[in-house]
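Structure record follows, encoded as structure tokens.
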Amino acid sequence: MLGYLGLAGMLAFAAPCLAQRLADPGPLPAATAPTSTTPAALRNLEPAPTLPLLEDPLKALGPLPDPARFPPRVKDWMRLRGIGLARDGEIPSAEEMPGYVRKAGGGVLGSMNNADIEAVAMIVLMTAAKNAHEDLKSIMEEMKAAKNKDSRPDDGADELDSLRLQKTVNRLSKLTSTLSNLLKKKNETEREAAQNLK
């Protein structure tokens with residue numbers, strides 16, 4: 001656990017150089033631009049935002065909807081959609097997420113009301129964030145194992161690993177941010193509804 005937190009600190013400030021940092025505990029090297037051997041899809045990544053690696057990336061968000069309230073068919077769909085969203089595709093904004101879920105769920109979600117669709121959207125994001133967090137831990141472990149196994153430097157592999165790590169961190173950050181914004185929106189709507197009843 002402490003190893004993950006130490007790596008997370010390095011990741012937040014120099015994700016592209018993490019592989020070098022794992023091998024050399026000296027000062028952090030300056031981030032460098034990707035070389036021409038880097039795949040085009042990875043060349044245009046934005047710098048990784050500061051993101052603390054918690055044991056549970058959702059812990060700070062407070063209470064979230066319980067998937068158990070939905071039928072098995074819907075639970076299976078939410079789990080699979082969350083796994084897919086953790087790894088690929090555009091992550092909708094908080095405003096777009098309920099519409100995205102309603103459209104993607106189609107017949108599985110049937111004629112659910114808006115409150116249930118919002119809950120499904122949160123569960124999909126929650127599942128995606130947990131899966132992205134697991135992916136991040138796996139990548140970090142693979143990088144550590146590769147460094148321990150072979151001490152010879154391989155700058156190309158190090159750079160690709162670092163970019164893969166950075167991409168996963170960016171994705172996890174966007175997922176948790178979208179979920180947080182969706183929760184804020186829900187809380188504001190509930191507050192307004194309560195005030196209107198007074």
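Going through the structure tokens in order, the chains are called A, B, and so on, while each chain numbers its residues from 1 and the ligands are numbered from 1 in the order shown.
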
Could you find all residues in region 78-155 of chain A that DSSP calls alpha helix (DSSP H) from the backbone, and write them as a PyMOL selection string? chain A and resi 78-87+97-109+114-149+155

Would you save the residues from that selection as a CSV table (one decimal), in the first residue's frame, using C-alpha atoms?
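Result file follows (result_29.csv):
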chain,number,residue,atom,x,y,z
A,78,MET,CA,-24.1,-1.8,-15.7
A,79,ARG,CA,-21.1,-3.9,-14.8
A,80,LEU,CA,-20.2,-4.6,-18.5
A,81,ARG,CA,-20.7,-0.9,-19.5
A,82,GLY,CA,-18.6,0.2,-16.6
A,83,ILE,CA,-15.7,-2.2,-17.6
A,84,GLY,CA,-15.8,-0.9,-21.2
A,85,LEU,CA,-15.9,2.8,-20.1
A,86,ALA,CA,-12.9,2.2,-17.9
A,87,ARG,CA,-10.7,1.4,-20.9
A,97,MET,CA,-24.2,10.9,-18.8
A,98,PRO,CA,-27.9,10.1,-18.1
A,99,GLY,CA,-28.7,10.5,-21.8
A,100,TYR,CA,-25.7,8.4,-22.7
A,101,VAL,CA,-26.9,5.6,-20.3
A,102,ARG,CA,-30.5,5.8,-21.5
A,103,LYS,CA,-29.4,5.5,-25.2
A,104,ALA,CA,-26.8,2.8,-24.6
A,105,GLY,CA,-29.1,0.8,-22.3
A,106,GLY,CA,-32.0,0.7,-24.7
A,107,GLY,CA,-34.3,-2.2,-24.0
A,108,VAL,CA,-32.3,-3.4,-21.0
A,109,LEU,CA,-33.3,-0.3,-19.0
A,114,ASN,CA,-35.1,9.9,-14.6
A,115,ALA,CA,-34.1,9.2,-11.0
A,116,ASP,CA,-33.3,5.6,-11.8
A,117,ILE,CA,-31.4,6.5,-15.0
A,118,GLU,CA,-29.4,8.9,-12.9
A,119,ALA,CA,-28.6,6.2,-10.4
A,120,VAL,CA,-27.6,3.8,-13.2
A,121,ALA,CA,-25.3,6.5,-14.7
A,122,MET,CA,-23.6,6.8,-11.3
A,123,ILE,CA,-23.2,3.1,-10.9
A,124,VAL,CA,-21.7,2.8,-14.4
A,125,LEU,CA,-19.2,5.6,-13.6
A,126,MET,CA,-18.5,4.0,-10.2
A,127,THR,CA,-17.7,0.6,-11.8
A,128,ALA,CA,-15.6,2.3,-14.5
A,129,ALA,CA,-13.6,4.2,-11.9
A,130,LYS,CA,-12.9,1.0,-9.9
A,131,ASN,CA,-11.8,-0.9,-13.0
A,132,ALA,CA,-9.5,2.0,-14.1
A,133,HIS,CA,-8.0,2.0,-10.6
A,134,GLU,CA,-7.3,-1.7,-10.8
A,135,ASP,CA,-5.8,-1.2,-14.3
A,136,LEU,CA,-3.6,1.5,-12.9
A,137,LYS,CA,-2.3,-0.7,-10.1
A,138,SER,CA,-1.6,-3.6,-12.6
A,139,ILE,CA,0.4,-1.3,-14.8
A,140,MET,CA,2.4,0.0,-11.9
A,141,GLU,CA,3.1,-3.6,-10.8
A,142,GLU,CA,4.1,-4.6,-14.3
A,143,MET,CA,6.6,-1.7,-14.5
A,144,LYS,CA,8.1,-2.6,-11.1
A,145,ALA,CA,8.4,-6.3,-12.1
A,146,ALA,CA,10.0,-5.4,-15.4
A,147,LYS,CA,12.6,-3.1,-13.7
A,148,ASN,CA,13.4,-5.8,-11.1
A,149,LYS,CA,13.7,-8.5,-13.8
A,155,ASP,CA,14.0,3.8,-23.2

If I take CA of Thr176 (chain A) and CA of Glu159 (chain A), how far is one from the other in Å, to one decimal?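 A separation of 25.7 Å between them.
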
Please determine, counting only C-alpha atoms, which residue among A:Leu163, A:Asn170, A:Asp66, A:Met112 has the shortest atom-to-atom distance to Ile91 (chain A). A:Asn170
